[in-house]
Amino acid sequence: RWAPKPSAGPHKMRECMPLIVMLRERLKYALTYREVKMIVMQRLIKVDGKVRTDMFYPAGFMDVVQIEKTKENFRLLYDTKKRFVLHKVVKEEASYKLCRVKKIHRGPKGIPYAITHDGRTLRYPDPDVKVNDTVRVDIATG
C-alpha cells in the first residue's frame, strides 16, 4: 500500500502524521480512504482547536487532536523509539500546548515577535523568552 503524502502545513513532511494515517491505521476509526474522507468532511476532527477538512493535514509533535463525537482528546507525542504515539488527555489539558521557540525577531516599528516550532508567530513575547525556550500556548486564544 502507498503511504499518503501530507499536505503543506505547520510541520515538516518527515516530522508529521497525516490525519488519514491517524484515523485509519492508529485509531482504527475507519477501514478505507473513503471512510476517512467522510469522517473529515463531516467536520468532526479538530487539530489545535480548528476544524480540519483536509485528510492529509500534517499533525505534528504536541498537536492536540479532538474528536467531537466521541469526546476524545489526543496529544501527539513521541515514544522512546521516536515514533508517534497518540496520548489520551483530559479536556483541561487539551486546552493548551507547549511550543519550542525557534527564532526571535523585531518586526516593523520594533515590535518583537517569536516564531515557534509549529509555525506560530507570537507577538510581544515576554522579554525573558529566548531561542530554544519552551512556552505554554493557550489553544483558544493562540
# chains A, B, ... in the order shown; residues from 1 in each chain; ligands from 1
>>> residues_around(residues="stretch 131-133 of chain A", least_positions_apart="3", cutoff="10 Å", atoms="only C-alpha atoms", output="list of chain:residue names")
A:Cys99, A:Arg100, A:Val101, A:Lys102, A:Lys103, A:Ile104, A:Ala114, A:Ile115, A:Thr116, A:His117, A:Asp128
>>> select_by_dssp(residues="chain A", states="strand (DSSP E or B)", output="PDB file with N, CA and C atoms, in the first residue's frame")
ATOM      1  N   CYS A  16       5.780  14.683  10.748  1.00  0.00           N
ATOM      2  CA  CYS A  16       4.337  14.811  10.965  1.00  0.00           C
ATOM      3  C   CYS A  16       3.635  13.508  10.618  1.00  0.00           C
ATOM      4  N   MET A  17       2.342  13.472  10.951  1.00  0.00           N
ATOM      5  CA  MET A  17       1.492  12.336  10.613  1.00  0.00           C
ATOM      6  C   MET A  17       0.199  12.875   9.993  1.00  0.00           C
ATOM      7  N   PRO A  18      -0.100  12.489   8.743  1.00  0.00           N
ATOM      8  CA  PRO A  18      -1.347  12.952   8.135  1.00  0.00           C
ATOM      9  C   PRO A  18      -2.559  12.400   8.902  1.00  0.00           C
ATOM     10  N   ILE A  45     -13.260  16.404  13.168  1.00  0.00           N
ATOM     11  CA  ILE A  45     -11.883  16.377  13.667  1.00  0.00           C
ATOM     12  C   ILE A  45     -11.358  17.793  13.824  1.00  0.00           C
ATOM     13  N   LYS A  46     -10.824  18.090  15.002  1.00  0.00           N
ATOM     14  CA  LYS A  46     -10.178  19.382  15.256  1.00  0.00           C
ATOM     15  C   LYS A  46      -8.712  19.145  15.581  1.00  0.00           C
ATOM     16  N   VAL A  47      -7.838  19.940  14.974  1.00  0.00           N
ATOM     17  CA  VAL A  47      -6.416  19.911  15.313  1.00  0.00           C
ATOM     18  C   VAL A  47      -6.075  21.280  15.881  1.00  0.00           C
ATOM     19  N   LYS A  50      -8.977  23.892  15.756  1.00  0.00           N
ATOM     20  CA  LYS A  50      -9.539  24.312  14.472  1.00  0.00           C
ATOM     21  C   LYS A  50     -10.006  23.083  13.704  1.00  0.00           C
ATOM     22  N   VAL A  51     -11.194  23.169  13.115  1.00  0.00           N
ATOM     23  CA  VAL A  51     -11.721  22.062  12.309  1.00  0.00           C
ATOM     24  C   VAL A  51     -10.860  21.915  11.063  1.00  0.00           C
ATOM     25  N   PRO A  58      -1.085  17.822   8.071  1.00  0.00           N
ATOM     26  CA  PRO A  58       0.012  17.286   8.879  1.00  0.00           C
ATOM     27  C   PRO A  58      -0.117  17.636  10.364  1.00  0.00           C
ATOM     28  N   ALA A  59      -0.421  16.651  11.170  1.00  0.00           N
ATOM     29  CA  ALA A  59      -0.432  16.841  12.620  1.00  0.00           C
ATOM     30  C   ALA A  59       0.949  16.451  13.133  1.00  0.00           C
ATOM     31  N   GLY A  60       1.547  17.300  13.959  1.00  0.00           N
ATOM     32  CA  GLY A  60       2.910  17.061  14.418  1.00  0.00           C
ATOM     33  C   GLY A  60       3.028  17.019  15.926  1.00  0.00           C
ATOM     34  N   VAL A  64      -2.793  18.894  19.507  1.00  0.00           N
ATOM     35  CA  VAL A  64      -3.948  18.320  20.191  1.00  0.00           C
ATOM     36  C   VAL A  64      -5.005  18.003  19.142  1.00  0.00           C
ATOM     37  N   VAL A  65      -5.391  16.728  19.065  1.00  0.00           N
ATOM     38  CA  VAL A  65      -6.405  16.284  18.112  1.00  0.00           C
ATOM     39  C   VAL A  65      -7.668  15.970  18.909  1.00  0.00           C
ATOM     40  N   GLN A  66      -8.766  16.666  18.571  1.00  0.00           N
ATOM     41  CA  GLN A  66     -10.026  16.479  19.285  1.00  0.00           C
ATOM     42  C   GLN A  66     -11.051  15.847  18.352  1.00  0.00           C
ATOM     43  N   ILE A  67     -11.762  14.850  18.862  1.00  0.00           N
ATOM     44  CA  ILE A  67     -12.825  14.206  18.104  1.00  0.00           C
ATOM     45  C   ILE A  67     -14.122  14.488  18.844  1.00  0.00           C
ATOM     46  N   GLU A  72     -13.219  12.652  22.669  1.00  0.00           N
ATOM     47  CA  GLU A  72     -11.852  12.229  22.979  1.00  0.00           C
ATOM     48  C   GLU A  72     -10.879  13.323  22.588  1.00  0.00           C
ATOM     49  N   ASN A  73      -9.793  13.438  23.361  1.00  0.00           N
ATOM     50  CA  ASN A  73      -8.707  14.372  23.074  1.00  0.00           C
ATOM     51  C   ASN A  73      -7.402  13.590  23.085  1.00  0.00           C
ATOM     52  N   PHE A  74      -6.595  13.806  22.058  1.00  0.00           N
ATOM     53  CA  PHE A  74      -5.298  13.138  21.976  1.00  0.00           C
ATOM     54  C   PHE A  74      -4.208  14.175  21.795  1.00  0.00           C
ATOM     55  N   ARG A  75      -3.030  13.896  22.343  1.00  0.00           N
ATOM     56  CA  ARG A  75      -1.856  14.732  22.097  1.00  0.00           C
ATOM     57  C   ARG A  75      -0.838  13.848  21.393  1.00  0.00           C
ATOM     58  N   LEU A  76      -0.275  14.372  20.307  1.00  0.00           N
ATOM     59  CA  LEU A  76       0.706  13.623  19.528  1.00  0.00           C
ATOM     60  C   LEU A  76       2.068  13.771  20.181  1.00  0.00           C
ATOM     61  N   LEU A  77       2.615  12.674  20.667  1.00  0.00           N
ATOM     62  CA  LEU A  77       3.920  12.666  21.329  1.00  0.00           C
ATOM     63  C   LEU A  77       4.789  11.590  20.694  1.00  0.00           C
ATOM     64  N   TYR A  78       6.069  11.563  21.070  1.00  0.00           N
ATOM     65  CA  TYR A  78       6.983  10.526  20.604  1.00  0.00           C
ATOM     66  C   TYR A  78       7.141   9.468  21.678  1.00  0.00           C
ATOM     67  N   PHE A  84       5.551   8.251  16.550  1.00  0.00           N
ATOM     68  CA  PHE A  84       4.412   8.985  17.082  1.00  0.00           C
ATOM     69  C   PHE A  84       3.501   8.061  17.879  1.00  0.00           C
ATOM     70  N   VAL A  85       3.033   8.581  19.005  1.00  0.00           N
ATOM     71  CA  VAL A  85       2.054   7.862  19.811  1.00  0.00           C
ATOM     72  C   VAL A  85       0.949   8.856  20.165  1.00  0.00           C
ATOM     73  N   LEU A  86      -0.300   8.410  20.094  1.00  0.00           N
ATOM     74  CA  LEU A  86      -1.437   9.264  20.433  1.00  0.00           C
ATOM     75  C   LEU A  86      -1.742   9.077  21.916  1.00  0.00           C
ATOM     76  N   HIS A  87      -1.441  10.094  22.696  1.00  0.00           N
ATOM     77  CA  HIS A  87      -1.611  10.040  24.149  1.00  0.00           C
ATOM     78  C   HIS A  87      -2.949  10.686  24.497  1.00  0.00           C
ATOM     79  N   LYS A  88      -3.832   9.935  25.145  1.00  0.00           N
ATOM     80  CA  LYS A  88      -5.148  10.451  25.505  1.00  0.00           C
ATOM     81  C   LYS A  88      -5.008  11.455  26.648  1.00  0.00           C
ATOM     82  N   TYR A  96      -4.280  23.582  26.039  1.00  0.00           N
ATOM     83  CA  TYR A  96      -3.000  24.257  25.811  1.00  0.00           C
ATOM     84  C   TYR A  96      -2.016  23.306  25.149  1.00  0.00           C
ATOM     85  N   LYS A  97      -0.922  23.881  24.640  1.00  0.00           N
ATOM     86  CA  LYS A  97       0.164  23.064  24.102  1.00  0.00           C
ATOM     87  C   LYS A  97       1.486  23.739  24.384  1.00  0.00           C
ATOM     88  N   LEU A  98       2.550  22.972  24.358  1.00  0.00           N
ATOM     89  CA  LEU A  98       3.889  23.510  24.567  1.00  0.00           C
ATOM     90  C   LEU A  98       4.542  23.725  23.210  1.00  0.00           C
ATOM     91  N   CYS A  99       5.160  24.883  23.031  1.00  0.00           N
ATOM     92  CA  CYS A  99       5.810  25.214  21.765  1.00  0.00           C
ATOM     93  C   CYS A  99       7.253  25.624  22.020  1.00  0.00           C
ATOM     94  N   ARG A 100       8.152  25.133  21.194  1.00  0.00           N
ATOM     95  CA  ARG A 100       9.564  25.490  21.287  1.00  0.00           C
ATOM     96  C   ARG A 100       9.799  26.734  20.447  1.00  0.00           C
ATOM     97  N   VAL A 101      10.470  27.735  21.011  1.00  0.00           N
ATOM     98  CA  VAL A 101      10.769  28.980  20.293  1.00  0.00           C
ATOM     99  C   VAL A 101      11.970  28.726  19.378  1.00  0.00           C
ATOM    100  N   LYS A 102      11.782  28.975  18.075  1.00  0.00           N
ATOM    101  CA  LYS A 102      12.856  28.757  17.096  1.00  0.00           C
ATOM    102  C   LYS A 102      13.608  30.038  16.759  1.00  0.00           C
ATOM    103  N   LYS A 103      12.888  31.159  16.648  1.00  0.00           N
ATOM    104  CA  LYS A 103      13.509  32.440  16.284  1.00  0.00           C
ATOM    105  C   LYS A 103      12.858  33.559  17.058  1.00  0.00           C
ATOM    106  N   ILE A 104      13.629  34.613  17.325  1.00  0.00           N
ATOM    107  CA  ILE A 104      13.073  35.840  17.896  1.00  0.00           C
ATOM    108  C   ILE A 104      13.582  36.994  17.040  1.00  0.00           C
ATOM    109  N   HIS A 105      12.653  37.813  16.545  1.00  0.00           N
ATOM    110  CA  HIS A 105      12.998  38.939  15.685  1.00  0.00           C
ATOM    111  C   HIS A 105      12.246  40.181  16.124  1.00  0.00           C
ATOM    112  N   ARG A 106      12.551  41.277  15.463  1.00  0.00           N
ATOM    113  CA  ARG A 106      11.790  42.515  15.640  1.00  0.00           C
ATOM    114  C   ARG A 106      11.168  42.860  14.298  1.00  0.00           C
ATOM    115  N   PRO A 112       8.641  43.194  18.896  1.00  0.00           N
ATOM    116  CA  PRO A 112       9.267  41.868  18.996  1.00  0.00           C
ATOM    117  C   PRO A 112       8.250  40.751  18.724  1.00  0.00           C
ATOM    118  N   TYR A 113       8.726  39.682  18.099  1.00  0.00           N
ATOM    119  CA  TYR A 113       7.878  38.512  17.903  1.00  0.00           C
ATOM    120  C   TYR A 113       8.727  37.258  17.927  1.00  0.00           C
ATOM    121  N   ALA A 114       8.109  36.159  18.314  1.00  0.00           N
ATOM    122  CA  ALA A 114       8.785  34.869  18.398  1.00  0.00           C
ATOM    123  C   ALA A 114       8.100  33.896  17.449  1.00  0.00           C
ATOM    124  N   ILE A 115       8.897  33.044  16.802  1.00  0.00           N
ATOM    125  CA  ILE A 115       8.372  32.015  15.903  1.00  0.00           C
ATOM    126  C   ILE A 115       8.607  30.659  16.563  1.00  0.00           C
ATOM    127  N   THR A 116       7.554  29.830  16.626  1.00  0.00           N
ATOM    128  CA  THR A 116       7.646  28.544  17.313  1.00  0.00           C
ATOM    129  C   THR A 116       7.867  27.393  16.335  1.00  0.00           C
ATOM    130  N   THR A 121       3.361  32.539  15.201  1.00  0.00           N
ATOM    131  CA  THR A 121       4.061  33.787  15.480  1.00  0.00           C
ATOM    132  C   THR A 121       3.432  34.403  16.717  1.00  0.00           C
ATOM    133  N   LEU A 122       4.231  34.570  17.744  1.00  0.00           N
ATOM    134  CA  LEU A 122       3.748  35.149  19.000  1.00  0.00           C
ATOM    135  C   LEU A 122       4.274  36.575  19.086  1.00  0.00           C
ATOM    136  N   ARG A 123       3.366  37.564  18.982  1.00  0.00           N
ATOM    137  CA  ARG A 123       3.776  38.971  19.081  1.00  0.00           C
ATOM    138  C   ARG A 123       3.895  39.367  20.537  1.00  0.00           C
ATOM    139  N   THR A 134      10.864  26.844  25.885  1.00  0.00           N
ATOM    140  CA  THR A 134       9.545  26.265  25.638  1.00  0.00           C
ATOM    141  C   THR A 134       8.504  27.150  26.297  1.00  0.00           C
ATOM    142  N   VAL A 135       7.468  27.503  25.530  1.00  0.00           N
ATOM    143  CA  VAL A 135       6.406  28.352  26.059  1.00  0.00           C
ATOM    144  C   VAL A 135       5.081  27.591  26.009  1.00  0.00           C
ATOM    145  N   ARG A 136       4.226  27.876  26.986  1.00  0.00           N
ATOM    146  CA  ARG A 136       2.891  27.264  27.015  1.00  0.00           C
ATOM    147  C   ARG A 136       1.931  28.172  26.289  1.00  0.00           C
ATOM    148  N   VAL A 137       1.308  27.663  25.232  1.00  0.00           N
ATOM    149  CA  VAL A 137       0.407  28.456  24.388  1.00  0.00           C
ATOM    150  C   VAL A 137      -1.011  27.951  24.593  1.00  0.00           C
ATOM    151  N   ASP A 138      -1.920  28.872  24.900  1.00  0.00           N
ATOM    152  CA  ASP A 138      -3.333  28.544  25.038  1.00  0.00           C
ATOM    153  C   ASP A 138      -3.916  28.382  23.627  1.00  0.00           C
TER     154      ASP A 138
END
>>> atom_distance(atom1="atom CA of A:Thr141", atom2="atom CA of A:Asp48")
10.8 Å
>>> atom_distance(atom1="atom CA of A:Pro10", atom2="atom CA of A:Thr80")
23.6 Å
>>> residues_around(residues="A:Pro4", least_positions_apart="2", cutoff="12 Å", atoms="only C-alpha atoms", output="list of chain:residue names")
A:Arg1, A:Trp2, A:Pro6, A:Ser7, A:Met13, A:Cys16, A:Met17, A:Pro18, A:Leu19, A:Ile20, A:Val21, A:Met22, A:Arg24, A:Glu25, A:Tyr33, A:Met55, A:Phe56, A:Tyr57, A:Pro58
>>> write_last_selection(atoms="N, CA and C atoms", output="compact mmCIF listing (two decimals), in the first residue's frame")
# COMPACT_ATOMS: atom_id res chain seq x y z
N ARG A 1 0.84 -1.19 0.00
CA ARG A 1 0.00 0.00 0.00
C ARG A 1 0.88 1.24 0.00
N TRP A 2 0.46 2.27 -0.72
CA TRP A 2 1.21 3.52 -0.79
C TRP A 2 0.95 4.36 0.45
N PRO A 6 1.66 13.99 3.25
CA PRO A 6 0.98 15.09 3.95
C PRO A 6 0.97 16.37 3.13
N SER A 7 -0.07 17.18 3.32
CA SER A 7 -0.17 18.49 2.66
C SER A 7 0.86 19.43 3.27
N MET A 13 7.44 17.53 6.50
CA MET A 13 6.89 16.29 5.99
C MET A 13 7.40 15.07 6.77
N CYS A 16 5.78 14.68 10.75
CA CYS A 16 4.34 14.81 10.96
C CYS A 16 3.64 13.51 10.62
N MET A 17 2.34 13.47 10.95
CA MET A 17 1.49 12.34 10.61
C MET A 17 0.20 12.87 9.99
N PRO A 18 -0.10 12.49 8.74
CA PRO A 18 -1.35 12.95 8.14
C PRO A 18 -2.56 12.40 8.90
N LEU A 19 -3.66 13.15 8.89
CA LEU A 19 -4.87 12.73 9.61
C LEU A 19 -5.38 11.37 9.12
N ILE A 20 -5.20 11.08 7.83
CA ILE A 20 -5.68 9.81 7.29
C ILE A 20 -4.97 8.63 7.95
N VAL A 21 -3.67 8.75 8.19
CA VAL A 21 -2.91 7.69 8.85
C VAL A 21 -3.37 7.55 10.31
N MET A 22 -3.60 8.70 10.94
CA MET A 22 -4.03 8.71 12.34
C MET A 22 -5.38 8.00 12.51
N ARG A 24 -7.07 6.01 10.28
CA ARG A 24 -7.21 4.68 9.69
C ARG A 24 -6.29 3.65 10.35
N GLU A 25 -4.98 3.97 10.46
CA GLU A 25 -4.03 2.99 10.96
C GLU A 25 -3.89 2.99 12.49
N TYR A 33 -9.96 4.63 2.72
CA TYR A 33 -9.74 6.03 2.35
C TYR A 33 -11.06 6.78 2.34
N MET A 55 -7.83 15.62 4.78
CA MET A 55 -7.42 14.38 5.46
C MET A 55 -5.91 14.14 5.37
N PHE A 56 -5.22 14.96 4.62
CA PHE A 56 -3.76 14.87 4.57
C PHE A 56 -3.10 15.95 5.41
N TYR A 57 -3.89 16.66 6.24
CA TYR A 57 -3.34 17.73 7.09
C TYR A 57 -2.26 17.16 8.00
N PRO A 58 -1.09 17.82 8.07
CA PRO A 58 0.01 17.29 8.88
C PRO A 58 -0.12 17.64 10.36
>>> select_by_dssp(residues="stretch 16-142 of chain A", states="alpha helix (DSSP H)", output="PyMOL selection string")
chain A and resi 19-21+33-41
>>> atom_distance(atom1="atom CA of A:Lys12", atom2="atom CA of A:Asp126")
26.9 Å
